[in-house]
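A.B. asks: Please read through the structure below; I'll follow up with questions.
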Amino acid sequence: MNIETLEGAPLLVVGAGIMGAGIAQVAAQAGHAVMLFDLREGAAAEARAKLGKGLEALAAKGKLTAQEAAQTLARIEAVPSLEAAASARLVVEAVVEKLDAKRALFRQLEGIVGADCVLATNTSSISVTAIANGLQCPGRLVGMHFFNPVPLMKLVEVVSGLQTEPAVAQAIHALSRRWGKVPVFARSTPGFIVNRIARPYYAETLALLQEQAGTPALLDACLRAAGFRMGPCELMDLIGHDTNFSVTQSVFEANFFDKRFVPSLVQRELVDGGLLGRKSGRGFYDYAEGAAKPALPEHVPAELPAATLLSLHGQGPVARCLGDALAAAGRGFEPVPDSDWIGLEIDGAQLRLTDGRPASQVGAGGVAEVAVFDLPLSAQPGSVLAWAPALQASPAWCELAPRWLRALGFNAQRLADAPGLVVARTIAMLINEAADAVHQGVCDEGGADAAMKLGVNYPQGPFEWLRGWDAAAVIALLDALDAHYRGERYRVSPGLRLRAWGQGGHEAVCVGGNA
């Protein structure tokens, strides 16, 4: 297929819902003549009218001039049939997320549009290879996956099926850039990039809820403190548990029931009960008028407790931040940089950064007075940080350990003694899934980072976290989780293990810290 450029090419958008209308707006703003079609009679005209009001609102806010708004709307035409759009050189489909419907549409379009017309699907989860099956020219079909709301979200996943011609993917990639988007190449595998790599963000919190390790409010607060705009429970309530559960289930089934993607019984119960989140009025939280959202206690700064013998174990950013906090308070300590753990030894008791093992397992090695704390990713004083004592620990140590954390600048919140706590296990699993995606050729590292930051607003990309942490440390944590749960869920990506071996045993460090 000979494609020189799609710049300024006449465009057909099929499907006048939220996604289709958004795609039409973005294309029209970029100067394309856009034909908008929907099977429901009158739907395209209604969508165009609604877009007009939206453009007028943007002009009123100064985001566009009145002339730009009028010109954009003038470029969008509601057409009564597919045949009326025979001149299109690019079709973007945004119809119902069903394989049969998409296949039938593209087969029909092949009999209408020209041989040089590119066919793009906005599917979020269906195989591009499967959609192309049965087409006369499957090489011209490509995934062009936008994120909602289309005018605001920068990411576009450019997804190639087995028969997608490279020139077609390149043309869509270049066009997306001209539209002001950030495109990333992806191979057509279940979930593509974002919906695959994001699964652990929900799954780890759901697993902790099933174990009754903490409340939704606590788990959300821990991950917001790590830089995420919304905690997993808040986000699932916003997305809708029916939608989120359905995506997880489709990824699970498409991966031949790989236990890494197993759906949650906790979420299934919410779906079965109609507790779908904001749209139903209740999910993890109550959205009824006047309902109060659970809040955690505010951070109360504390003085460093007295200690006769104080040692700082380990190296890296967390150890440095602990040392800086102690020095700022005028407290002397003995450094033990070659230790195999990171944290403080206080008169024989141990306050340790989690390595993936429960505190009780660490305490079984001979030191009963043990507590572990979560991976601190925020430098903001008073950030929420989970901690857990060993079951063997005395009441006195259970009272003293959080006092030390508060004195070091954290809003210490007790969690059940769960392996890897909250942030550490979640970030490790996001890194692991991204490493597997790259290892399997779904995307490259830069694409994974860009996709997660722009598609779901993560504070960092998985490989950015990995560069600040260390492959060997992530593997050690995942191996500890795998040993504890004895299943396939926490198996380490071969790509991550190869990376660790290639680093030649570099120092295992951890990111973040809070002084």
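Each chain of the structure tokens is named A, B, ... in the order shown, its residues numbered from 1; ligands are numbered from 1 in display order.
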Contacts of range 276-292 of chain A at 9 Å or less, counting only C-alpha atoms, minus same-chain residues fewer than 2 places along, as a list of chain:residue names?
C.D. replies: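 That gives A:Pro216, A:Ala217, A:Cys233, A:Glu234, A:Met236, A:Asp237, A:Leu238, A:Ile239, A:Gly240, A:His241, A:Asp242, A:Thr243, A:Leu270, A:Val271, A:Gly273, A:Gly274, A:Pro294, A:Ala295.
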A.B. asks: Keeping only C-alpha atoms, take the residues you just selected and write them out as a short mmCIF file (atom, residue, chain, number, x, y, z; two decimals), in the first residue's frame.
C.D. replies:
```cif
data_model
loop_
_atom_site.label_atom_id
_atom_site.label_comp_id
_atom_site.auth_asym_id
_atom_site.auth_seq_id
_atom_site.Cartn_x
_atom_site.Cartn_y
_atom_site.Cartn_z
CA PRO A 216 -10.00 1.38 51.00
CA ALA A 217 -9.30 4.82 52.50
CA CYS A 233 -10.43 2.28 45.07
CA GLU A 234 -11.33 5.85 44.14
CA MET A 236 -12.32 1.95 40.26
CA ASP A 237 -15.35 3.75 41.70
CA LEU A 238 -14.91 6.43 39.04
CA ILE A 239 -14.41 4.01 36.14
CA GLY A 240 -17.27 1.79 37.30
CA HIS A 241 -16.68 -1.66 38.77
CA ASP A 242 -18.60 -3.34 35.97
CA THR A 243 -16.31 -1.75 33.38
CA LEU A 270 -19.49 -5.36 44.20
CA VAL A 271 -20.58 -5.95 40.59
CA GLY A 273 -24.52 -6.33 44.20
CA GLY A 274 -24.88 -3.42 41.79
CA PRO A 294 -13.56 8.29 55.43
CA ALA A 295 -10.51 10.32 56.41
#
```
A.B. asks: May I have the residues within 7 Å of range 76-80 of chain A as a list in words, using only C-alpha atoms and disregarding those fewer than 6 positions away in the same chain?
C.D. replies: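 Skipping anything fewer than 6 positions along the chain leaves Ala28, Ala33, Val34, Met35, Leu36, Phe37, Ala44, Ala45 and Arg48 of chain A.
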A.B. asks: With all heavy atoms kept, could you save the residues just selected as a PDB file, in the first residue's frame?
C.D. replies:
```
ATOM      1  N   ALA A  28     -10.940  17.764  13.104  1.00  0.00           N
ATOM      2  CA  ALA A  28     -11.408  19.016  12.506  1.00  0.00           C
ATOM      3  C   ALA A  28     -10.551  20.189  12.969  1.00  0.00           C
ATOM      4  O   ALA A  28     -10.228  21.091  12.174  1.00  0.00           O
ATOM      5  CB  ALA A  28     -12.872  19.243  12.858  1.00  0.00           C
ATOM      6  N   ALA A  33     -11.328  17.774   6.772  1.00  0.00           N
ATOM      7  CA  ALA A  33     -12.761  17.682   6.524  1.00  0.00           C
ATOM      8  C   ALA A  33     -13.223  16.352   7.105  1.00  0.00           C
ATOM      9  O   ALA A  33     -12.719  15.285   6.738  1.00  0.00           O
ATOM     10  CB  ALA A  33     -13.045  17.733   5.034  1.00  0.00           C
ATOM     11  N   VAL A  34     -14.170  16.418   8.037  1.00  0.00           N
ATOM     12  CA  VAL A  34     -14.583  15.233   8.784  1.00  0.00           C
ATOM     13  C   VAL A  34     -16.034  14.887   8.466  1.00  0.00           C
ATOM     14  O   VAL A  34     -16.925  15.744   8.559  1.00  0.00           O
ATOM     15  CB  VAL A  34     -14.429  15.441  10.306  1.00  0.00           C
ATOM     16  CG1 VAL A  34     -14.886  14.201  11.073  1.00  0.00           C
ATOM     17  CG2 VAL A  34     -12.995  15.783  10.665  1.00  0.00           C
ATOM     18  N   MET A  35     -16.256  13.641   8.096  1.00  0.00           N
ATOM     19  CA  MET A  35     -17.611  13.116   7.917  1.00  0.00           C
ATOM     20  C   MET A  35     -17.916  12.220   9.108  1.00  0.00           C
ATOM     21  O   MET A  35     -17.127  11.342   9.442  1.00  0.00           O
ATOM     22  CB  MET A  35     -17.696  12.339   6.600  1.00  0.00           C
ATOM     23  CG  MET A  35     -17.504  13.229   5.374  1.00  0.00           C
ATOM     24  SD  MET A  35     -17.129  12.301   3.856  1.00  0.00           S
ATOM     25  CE  MET A  35     -15.359  12.027   4.050  1.00  0.00           C
ATOM     26  N   LEU A  36     -19.028  12.462   9.765  1.00  0.00           N
ATOM     27  CA  LEU A  36     -19.402  11.745  10.979  1.00  0.00           C
ATOM     28  C   LEU A  36     -20.658  10.931  10.709  1.00  0.00           C
ATOM     29  O   LEU A  36     -21.674  11.470  10.260  1.00  0.00           O
ATOM     30  CB  LEU A  36     -19.643  12.734  12.126  1.00  0.00           C
ATOM     31  CG  LEU A  36     -19.997  12.170  13.495  1.00  0.00           C
ATOM     32  CD1 LEU A  36     -18.886  11.278  14.030  1.00  0.00           C
ATOM     33  CD2 LEU A  36     -20.274  13.322  14.478  1.00  0.00           C
ATOM     34  N   PHE A  37     -20.571   9.611  10.970  1.00  0.00           N
ATOM     35  CA  PHE A  37     -21.710   8.728  10.705  1.00  0.00           C
ATOM     36  C   PHE A  37     -22.004   7.869  11.917  1.00  0.00           C
ATOM     37  O   PHE A  37     -21.097   7.421  12.630  1.00  0.00           O
ATOM     38  CB  PHE A  37     -21.411   7.812   9.504  1.00  0.00           C
ATOM     39  CG  PHE A  37     -22.462   6.763   9.280  1.00  0.00           C
ATOM     40  CD1 PHE A  37     -23.690   7.086   8.712  1.00  0.00           C
ATOM     41  CD2 PHE A  37     -22.243   5.432   9.667  1.00  0.00           C
ATOM     42  CE1 PHE A  37     -24.678   6.116   8.529  1.00  0.00           C
ATOM     43  CE2 PHE A  37     -23.221   4.463   9.488  1.00  0.00           C
ATOM     44  CZ  PHE A  37     -24.441   4.811   8.913  1.00  0.00           C
ATOM     45  N   ALA A  44     -25.584  11.364  14.545  1.00  0.00           N
ATOM     46  CA  ALA A  44     -24.438  12.150  14.081  1.00  0.00           C
ATOM     47  C   ALA A  44     -24.741  13.645  14.133  1.00  0.00           C
ATOM     48  O   ALA A  44     -23.906  14.455  14.556  1.00  0.00           O
ATOM     49  CB  ALA A  44     -24.037  11.720  12.675  1.00  0.00           C
ATOM     50  N   ALA A  45     -25.951  14.017  13.709  1.00  0.00           N
ATOM     51  CA  ALA A  45     -26.339  15.433  13.745  1.00  0.00           C
ATOM     52  C   ALA A  45     -26.407  15.928  15.189  1.00  0.00           C
ATOM     53  O   ALA A  45     -25.992  17.060  15.494  1.00  0.00           O
ATOM     54  CB  ALA A  45     -27.679  15.620  13.042  1.00  0.00           C
ATOM     55  N   ARG A  48     -22.901  16.456  16.403  1.00  0.00           N
ATOM     56  CA  ARG A  48     -22.329  17.680  15.819  1.00  0.00           C
ATOM     57  C   ARG A  48     -22.851  18.909  16.550  1.00  0.00           C
ATOM     58  O   ARG A  48     -22.089  19.847  16.857  1.00  0.00           O
ATOM     59  CB  ARG A  48     -22.661  17.765  14.329  1.00  0.00           C
ATOM     60  CG  ARG A  48     -22.026  18.965  13.618  1.00  0.00           C
ATOM     61  CD  ARG A  48     -22.434  19.022  12.156  1.00  0.00           C
ATOM     62  NE  ARG A  48     -21.773  20.124  11.484  1.00  0.00           N
ATOM     63  CZ  ARG A  48     -22.181  21.395  11.509  1.00  0.00           C
ATOM     64  NH1 ARG A  48     -23.292  21.707  12.193  1.00  0.00           N
ATOM     65  NH2 ARG A  48     -21.513  22.345  10.865  1.00  0.00           N
TER      66      ARG A  48
END
```
A.B. asks: Which residues are close to Gly114 in chain A, i.e. within 8 Å by only C-alpha atoms, leaving aside same-chain residues fewer than 3 positions away? Reply as number ranges by chain.
C.D. replies: A: 86-89, 110, 117
A.B. asks: Residues at most 9 Å from range 401-413 of chain A, counting only C-alpha atoms, excluding those fewer than 6 positions away in the same chain, as a ChimeraX atom specification?
C.D. replies: /A:218,222,296-305,322,325-326,350-351,370-371,373,376,380-389,514-515
A.B. asks: Looking at only C-alpha atoms, which of A:Leu58, A:Leu344, A:Leu375, A:Ala30 is the one that sits closest to Leu421 in chain A?
C.D. replies: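 Smallest distance to Leu421 in chain A is found for A:Leu375.
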A.B. asks: Rank A:Leu377, A:Ala221, A:Leu135, A:Val362 by their smallest atom-to-atom distance to Ala393 in chain A, using only C-alpha atoms, and report the top residue only.
C.D. replies: A:Val362
A.B. asks: Please identify all polymer residues within 10 Å of Glu204 in chain A, counting only C-alpha atoms, omitting same-chain residues fewer than 3 positions from it, and present them as an NGL selection string.
C.D. replies: :A and (199-201 or 207-210 or 219 or 232 or 264 or 421-423 or 425-427 or 429-430)
A.B. asks: Restrict the selected residues to N, CA and C atoms and save them as a PDB file, in the first residue's frame.
C.D. replies:
```pdb
ATOM      1  N   ARG A 199      -3.010  -3.289  35.111  1.00  0.00           N
ATOM      2  CA  ARG A 199      -3.778  -4.248  35.913  1.00  0.00           C
ATOM      3  C   ARG A 199      -3.295  -4.352  37.361  1.00  0.00           C
ATOM      4  N   PRO A 200      -1.967  -4.394  37.636  1.00  0.00           N
ATOM      5  CA  PRO A 200      -1.544  -4.547  39.041  1.00  0.00           C
ATOM      6  C   PRO A 200      -1.938  -3.381  39.943  1.00  0.00           C
ATOM      7  N   TYR A 201      -2.143  -2.201  39.364  1.00  0.00           N
ATOM      8  CA  TYR A 201      -2.511  -1.059  40.207  1.00  0.00           C
ATOM      9  C   TYR A 201      -3.827  -1.331  40.932  1.00  0.00           C
ATOM     10  N   ALA A 207      -6.307  -7.394  46.230  1.00  0.00           N
ATOM     11  CA  ALA A 207      -5.779  -8.539  46.985  1.00  0.00           C
ATOM     12  C   ALA A 207      -5.615  -8.188  48.463  1.00  0.00           C
ATOM     13  N   LEU A 208      -5.131  -6.980  48.755  1.00  0.00           N
ATOM     14  CA  LEU A 208      -4.971  -6.556  50.139  1.00  0.00           C
ATOM     15  C   LEU A 208      -6.320  -6.414  50.835  1.00  0.00           C
ATOM     16  N   LEU A 209      -7.338  -5.948  50.085  1.00  0.00           N
ATOM     17  CA  LEU A 209      -8.676  -5.860  50.660  1.00  0.00           C
ATOM     18  C   LEU A 209      -9.230  -7.244  50.967  1.00  0.00           C
ATOM     19  N   GLN A 210      -8.971  -8.198  50.094  1.00  0.00           N
ATOM     20  CA  GLN A 210      -9.462  -9.551  50.337  1.00  0.00           C
ATOM     21  C   GLN A 210      -8.826 -10.158  51.585  1.00  0.00           C
ATOM     22  N   LEU A 219      -5.552   2.371  51.886  1.00  0.00           N
ATOM     23  CA  LEU A 219      -4.802   1.942  50.709  1.00  0.00           C
ATOM     24  C   LEU A 219      -4.748   3.062  49.672  1.00  0.00           C
ATOM     25  N   PRO A 232      -6.432   3.477  44.011  1.00  0.00           N
ATOM     26  CA  PRO A 232      -7.106   2.456  43.203  1.00  0.00           C
ATOM     27  C   PRO A 232      -8.597   2.335  43.482  1.00  0.00           C
ATOM     28  N   SER A 264     -10.792 -10.250  40.712  1.00  0.00           N
ATOM     29  CA  SER A 264     -10.922 -10.254  42.170  1.00  0.00           C
ATOM     30  C   SER A 264     -12.326 -10.633  42.613  1.00  0.00           C
ATOM     31  N   LEU A 421       3.708  -4.726  51.793  1.00  0.00           N
ATOM     32  CA  LEU A 421       2.824  -3.633  52.176  1.00  0.00           C
ATOM     33  C   LEU A 421       2.019  -3.131  50.980  1.00  0.00           C
ATOM     34  N   VAL A 422       2.024  -1.840  50.660  1.00  0.00           N
ATOM     35  CA  VAL A 422       1.128  -1.319  49.619  1.00  0.00           C
ATOM     36  C   VAL A 422       1.911  -0.794  48.425  1.00  0.00           C
ATOM     37  N   VAL A 423       2.659   0.266  48.640  1.00  0.00           N
ATOM     38  CA  VAL A 423       3.351   0.939  47.534  1.00  0.00           C
ATOM     39  C   VAL A 423       4.433   0.046  46.936  1.00  0.00           C
ATOM     40  N   ARG A 425       4.856  -3.233  46.794  1.00  0.00           N
ATOM     41  CA  ARG A 425       4.405  -4.360  45.974  1.00  0.00           C
ATOM     42  C   ARG A 425       3.704  -3.876  44.711  1.00  0.00           C
ATOM     43  N   THR A 426       2.992  -2.748  44.806  1.00  0.00           N
ATOM     44  CA  THR A 426       2.290  -2.224  43.636  1.00  0.00           C
ATOM     45  C   THR A 426       3.278  -1.735  42.583  1.00  0.00           C
ATOM     46  N   ILE A 427       4.255  -0.941  42.988  1.00  0.00           N
ATOM     47  CA  ILE A 427       5.246  -0.430  42.031  1.00  0.00           C
ATOM     48  C   ILE A 427       6.053  -1.574  41.444  1.00  0.00           C
ATOM     49  N   MET A 429       5.120  -4.642  40.946  1.00  0.00           N
ATOM     50  CA  MET A 429       4.311  -5.374  39.974  1.00  0.00           C
ATOM     51  C   MET A 429       4.080  -4.571  38.693  1.00  0.00           C
ATOM     52  N   LEU A 430       3.963  -3.250  38.798  1.00  0.00           N
ATOM     53  CA  LEU A 430       3.848  -2.415  37.596  1.00  0.00           C
ATOM     54  C   LEU A 430       5.132  -2.496  36.776  1.00  0.00           C
TER      55      LEU A 430
END
```
A.B. asks: Can I get the residues of range 355-433 of chain A within 9 Å of range 493-503 of chain A, each with the closest pair of atoms and their distance in Å to one decimal, using only C-alpha atoms, sorted chain first then ascending number, as a Markdown table?
C.D. replies:
```
| residue | atom | partner | partner_atom | distance |
| --- | --- | --- | --- | --- |
| A:Ile431 | CA | A:Leu496 | CA | 8.6 |
| A:Asn432 | CA | A:Ser493 | CA | 5.9 |
| A:Glu433 | CA | A:Ser493 | CA | 7.4 |
```
A.B. asks: Counting only C-alpha atoms, what is within 6 Å of range 184-187 of chain A, bar same-chain residues fewer than 3 positions away, as a PyMOL selection string?
C.D. replies: chain A and resi 157-160+442-443+447
A.B. asks: Could you save the residues just selected, with N, CA and C atoms, as a PDB file, in the first residue's frame?
C.D. replies:
```pdb
ATOM      1  N   GLU A 157      -2.391   5.002  21.285  1.00  0.00           N
ATOM      2  CA  GLU A 157      -1.696   3.734  21.044  1.00  0.00           C
ATOM      3  C   GLU A 157      -1.886   3.365  19.574  1.00  0.00           C
ATOM      4  N   VAL A 158      -0.798   3.270  18.832  1.00  0.00           N
ATOM      5  CA  VAL A 158      -0.832   2.879  17.419  1.00  0.00           C
ATOM      6  C   VAL A 158      -0.521   1.382  17.378  1.00  0.00           C
ATOM      7  N   VAL A 159      -1.559   0.591  17.142  1.00  0.00           N
ATOM      8  CA  VAL A 159      -1.471  -0.858  17.364  1.00  0.00           C
ATOM      9  C   VAL A 159      -1.418  -1.608  16.036  1.00  0.00           C
ATOM     10  N   SER A 160      -0.372  -2.386  15.875  1.00  0.00           N
ATOM     11  CA  SER A 160      -0.198  -3.178  14.659  1.00  0.00           C
ATOM     12  C   SER A 160      -0.615  -4.619  14.883  1.00  0.00           C
ATOM     13  N   VAL A 442       5.763  -6.037  22.873  1.00  0.00           N
ATOM     14  CA  VAL A 442       4.520  -5.267  22.796  1.00  0.00           C
ATOM     15  C   VAL A 442       4.825  -3.787  22.575  1.00  0.00           C
ATOM     16  N   CYS A 443       5.880  -3.293  23.201  1.00  0.00           N
ATOM     17  CA  CYS A 443       6.274  -1.890  23.089  1.00  0.00           C
ATOM     18  C   CYS A 443       7.731  -1.787  23.503  1.00  0.00           C
ATOM     19  N   GLY A 447       8.024   3.834  25.142  1.00  0.00           N
ATOM     20  CA  GLY A 447       6.592   3.750  24.876  1.00  0.00           C
ATOM     21  C   GLY A 447       5.810   3.377  26.114  1.00  0.00           C
TER      22      GLY A 447
END
```
A.B. asks: May I ask which of the residues A:Trp465, A:Val456, A:Tyr490, A:Val262 is the closest one to Met230 in chain A, counting only C-alpha atoms?
C.D. replies: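 Nearest candidate to Met230 in chain A out of A:Trp465, A:Val456, A:Tyr490, A:Val262: A:Val456.
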A.B. asks: I'd like to know which residues of range 99-247 of chain A are strand (DSSP E) (by DSSP, run on the backbone); could you write them as a PyMOL selection string?
C.D. replies: chain A and resi 118-121+141-146+155-160+182-187
A.B. asks: Please produce a file of the residues just selected, as a PDB file, in the first residue's frame, where the atoms kept are N, CA, C and O atoms.
C.D. replies:
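What ended up in result_14.pdb:
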```
ATOM      1  N   VAL A 118      -6.913   4.299   4.526  1.00  0.00           N
ATOM      2  CA  VAL A 118      -6.454   3.601   5.723  1.00  0.00           C
ATOM      3  C   VAL A 118      -7.651   3.365   6.634  1.00  0.00           C
ATOM      4  O   VAL A 118      -8.485   4.255   6.841  1.00  0.00           O
ATOM      5  N   LEU A 119      -7.727   2.165   7.190  1.00  0.00           N
ATOM      6  CA  LEU A 119      -8.812   1.799   8.104  1.00  0.00           C
ATOM      7  C   LEU A 119      -8.242   1.694   9.516  1.00  0.00           C
ATOM      8  O   LEU A 119      -7.313   0.909   9.766  1.00  0.00           O
ATOM      9  N   ALA A 120      -8.790   2.482  10.434  1.00  0.00           N
ATOM     10  CA  ALA A 120      -8.282   2.497  11.805  1.00  0.00           C
ATOM     11  C   ALA A 120      -9.402   2.158  12.787  1.00  0.00           C
ATOM     12  O   ALA A 120     -10.532   2.626  12.644  1.00  0.00           O
ATOM     13  N   THR A 121      -9.079   1.353  13.777  1.00  0.00           N
ATOM     14  CA  THR A 121     -10.037   0.992  14.820  1.00  0.00           C
ATOM     15  C   THR A 121      -9.608   1.598  16.139  1.00  0.00           C
ATOM     16  O   THR A 121      -8.425   1.564  16.506  1.00  0.00           O
ATOM     17  N   LEU A 141      -5.372  -2.098   7.851  1.00  0.00           N
ATOM     18  CA  LEU A 141      -6.075  -1.924   9.130  1.00  0.00           C
ATOM     19  C   LEU A 141      -5.065  -1.769  10.263  1.00  0.00           C
ATOM     20  O   LEU A 141      -4.126  -2.557  10.386  1.00  0.00           O
ATOM     21  N   VAL A 142      -5.289  -0.767  11.106  1.00  0.00           N
ATOM     22  CA  VAL A 142      -4.380  -0.465  12.210  1.00  0.00           C
ATOM     23  C   VAL A 142      -5.204   0.000  13.407  1.00  0.00           C
ATOM     24  O   VAL A 142      -6.299   0.546  13.254  1.00  0.00           O
ATOM     25  N   GLY A 143      -4.687  -0.235  14.594  1.00  0.00           N
ATOM     26  CA  GLY A 143      -5.329   0.295  15.790  1.00  0.00           C
ATOM     27  C   GLY A 143      -4.916   1.738  16.026  1.00  0.00           C
ATOM     28  O   GLY A 143      -3.734   2.093  15.898  1.00  0.00           O
ATOM     29  N   MET A 144      -5.880   2.603  16.330  1.00  0.00           N
ATOM     30  CA  MET A 144      -5.621   4.004  16.677  1.00  0.00           C
ATOM     31  C   MET A 144      -6.424   4.269  17.939  1.00  0.00           C
ATOM     32  O   MET A 144      -7.526   4.813  17.902  1.00  0.00           O
ATOM     33  N   HIS A 145      -5.859   3.849  19.073  1.00  0.00           N
ATOM     34  CA  HIS A 145      -6.587   3.837  20.336  1.00  0.00           C
ATOM     35  C   HIS A 145      -6.408   5.155  21.080  1.00  0.00           C
ATOM     36  O   HIS A 145      -5.331   5.442  21.624  1.00  0.00           O
ATOM     37  N   PHE A 146      -7.470   5.954  21.119  1.00  0.00           N
ATOM     38  CA  PHE A 146      -7.490   7.195  21.866  1.00  0.00           C
ATOM     39  C   PHE A 146      -7.973   6.927  23.292  1.00  0.00           C
ATOM     40  O   PHE A 146      -8.541   5.877  23.596  1.00  0.00           O
ATOM     41  N   LEU A 155      -2.380  10.719  24.794  1.00  0.00           N
ATOM     42  CA  LEU A 155      -1.870   9.432  24.313  1.00  0.00           C
ATOM     43  C   LEU A 155      -2.709   8.851  23.183  1.00  0.00           C
ATOM     44  O   LEU A 155      -3.939   8.904  23.210  1.00  0.00           O
ATOM     45  N   VAL A 156      -2.017   8.272  22.197  1.00  0.00           N
ATOM     46  CA  VAL A 156      -2.640   7.419  21.185  1.00  0.00           C
ATOM     47  C   VAL A 156      -1.782   6.168  21.050  1.00  0.00           C
ATOM     48  O   VAL A 156      -0.588   6.255  20.778  1.00  0.00           O
ATOM     49  N   GLU A 157      -2.391   5.002  21.285  1.00  0.00           N
ATOM     50  CA  GLU A 157      -1.696   3.734  21.044  1.00  0.00           C
ATOM     51  C   GLU A 157      -1.886   3.365  19.574  1.00  0.00           C
ATOM     52  O   GLU A 157      -3.023   3.182  19.120  1.00  0.00           O
ATOM     53  N   VAL A 158      -0.798   3.270  18.832  1.00  0.00           N
ATOM     54  CA  VAL A 158      -0.832   2.879  17.419  1.00  0.00           C
ATOM     55  C   VAL A 158      -0.521   1.382  17.378  1.00  0.00           C
ATOM     56  O   VAL A 158       0.621   0.971  17.590  1.00  0.00           O
ATOM     57  N   VAL A 159      -1.559   0.591  17.142  1.00  0.00           N
ATOM     58  CA  VAL A 159      -1.471  -0.858  17.364  1.00  0.00           C
ATOM     59  C   VAL A 159      -1.418  -1.608  16.036  1.00  0.00           C
ATOM     60  O   VAL A 159      -2.328  -1.490  15.206  1.00  0.00           O
ATOM     61  N   SER A 160      -0.372  -2.386  15.875  1.00  0.00           N
ATOM     62  CA  SER A 160      -0.198  -3.178  14.659  1.00  0.00           C
ATOM     63  C   SER A 160      -0.615  -4.619  14.883  1.00  0.00           C
ATOM     64  O   SER A 160      -0.148  -5.271  15.826  1.00  0.00           O
ATOM     65  N   VAL A 182       0.567  12.322  21.520  1.00  0.00           N
ATOM     66  CA  VAL A 182       1.823  11.604  21.713  1.00  0.00           C
ATOM     67  C   VAL A 182       1.557  10.138  21.385  1.00  0.00           C
ATOM     68  O   VAL A 182       0.993   9.401  22.205  1.00  0.00           O
ATOM     69  N   PRO A 183       1.919   9.702  20.179  1.00  0.00           N
ATOM     70  CA  PRO A 183       1.646   8.317  19.795  1.00  0.00           C
ATOM     71  C   PRO A 183       2.744   7.368  20.262  1.00  0.00           C
ATOM     72  O   PRO A 183       3.919   7.741  20.332  1.00  0.00           O
ATOM     73  N   VAL A 184       2.360   6.157  20.591  1.00  0.00           N
ATOM     74  CA  VAL A 184       3.326   5.106  20.925  1.00  0.00           C
ATOM     75  C   VAL A 184       2.950   3.857  20.127  1.00  0.00           C
ATOM     76  O   VAL A 184       1.780   3.541  19.974  1.00  0.00           O
ATOM     77  N   PHE A 185       3.961   3.181  19.604  1.00  0.00           N
ATOM     78  CA  PHE A 185       3.721   1.951  18.859  1.00  0.00           C
ATOM     79  C   PHE A 185       3.452   0.807  19.825  1.00  0.00           C
ATOM     80  O   PHE A 185       4.085   0.697  20.875  1.00  0.00           O
ATOM     81  N   ALA A 186       2.520  -0.066  19.451  1.00  0.00           N
ATOM     82  CA  ALA A 186       2.214  -1.245  20.256  1.00  0.00           C
ATOM     83  C   ALA A 186       1.896  -2.410  19.328  1.00  0.00           C
ATOM     84  O   ALA A 186       1.406  -2.215  18.216  1.00  0.00           O
ATOM     85  N   ARG A 187       2.185  -3.605  19.819  1.00  0.00           N
ATOM     86  CA  ARG A 187       1.795  -4.806  19.098  1.00  0.00           C
ATOM     87  C   ARG A 187       0.444  -5.264  19.634  1.00  0.00           C
ATOM     88  O   ARG A 187       0.143  -5.090  20.809  1.00  0.00           O
TER      89      ARG A 187
END
```
A.B. asks: Work out how far CA of Leu478 in chain A is from CA of Gly441 in chain A, in Å to one decimal.
C.D. replies: 22.2 Å
A.B. asks: How many Å lie between CA of Ala43 in chain A and CA of Met19 in chain A, rounded to one decimal?
C.D. replies: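 CA of Ala43 in chain A sits 13.3 Å away from CA of Met19 in chain A.
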A.B. asks: According to DSSP computed on the backbone, where in range 196-420 of chain A is there helix (DSSP H, G or I)? Give the residues as a PyMOL selection string.
C.D. replies: chain A and resi 196-197+199-210+216-225+232-239+241-254+259-261+265-272+278-280+317-328+359-363+395-407
A.B. asks: Between A:Asp338, A:Thr164, A:Ser125, A:Asp482, which has the minimum distance to Ser246 in chain A (counting only C-alpha atoms)?
C.D. replies: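 Of A:Asp338, A:Thr164, A:Ser125, A:Asp482, the one nearest Ser246 in chain A, counting only C-alpha atoms, is A:Ser125.
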A.B. asks: Calculate how many Å separate CA of Asp340 in chain A from CA of Gly314 in chain A, rounding to one decimal.
C.D. replies: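 Computed distance, CA of Asp340 in chain A to CA of Gly314 in chain A, equals 6.6 Å.
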A.B. asks: Choose the residue, out of A:Phe228, A:Ala49, A:Asp38, A:Leu6, that has the smallest atom-to-atom separation from Gln170 in chain A; count only C-alpha atoms.
C.D. replies: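 The shortest atom-to-atom distance to Gln170 in chain A comes from A:Leu6.
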A.B. asks: Could you name the residues that touch Gln392 in chain A at 12 Å or less, counting only C-alpha atoms, but leaving out those on the same chain fewer than 4 positions away, as a ChimeraX atom specification?
C.D. replies: /A:349,358-371,388,396-398,417
A.B. asks: From the options A:Ala448, A:Ala473, A:Leu312, A:Leu454, which residue's atoms come nearest to Ala424 in chain A, counting only C-alpha atoms?
C.D. replies: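 Checking each of A:Ala448, A:Ala473, A:Leu312, A:Leu454 against Ala424 in chain A, counting only C-alpha atoms, the winner is A:Ala473.
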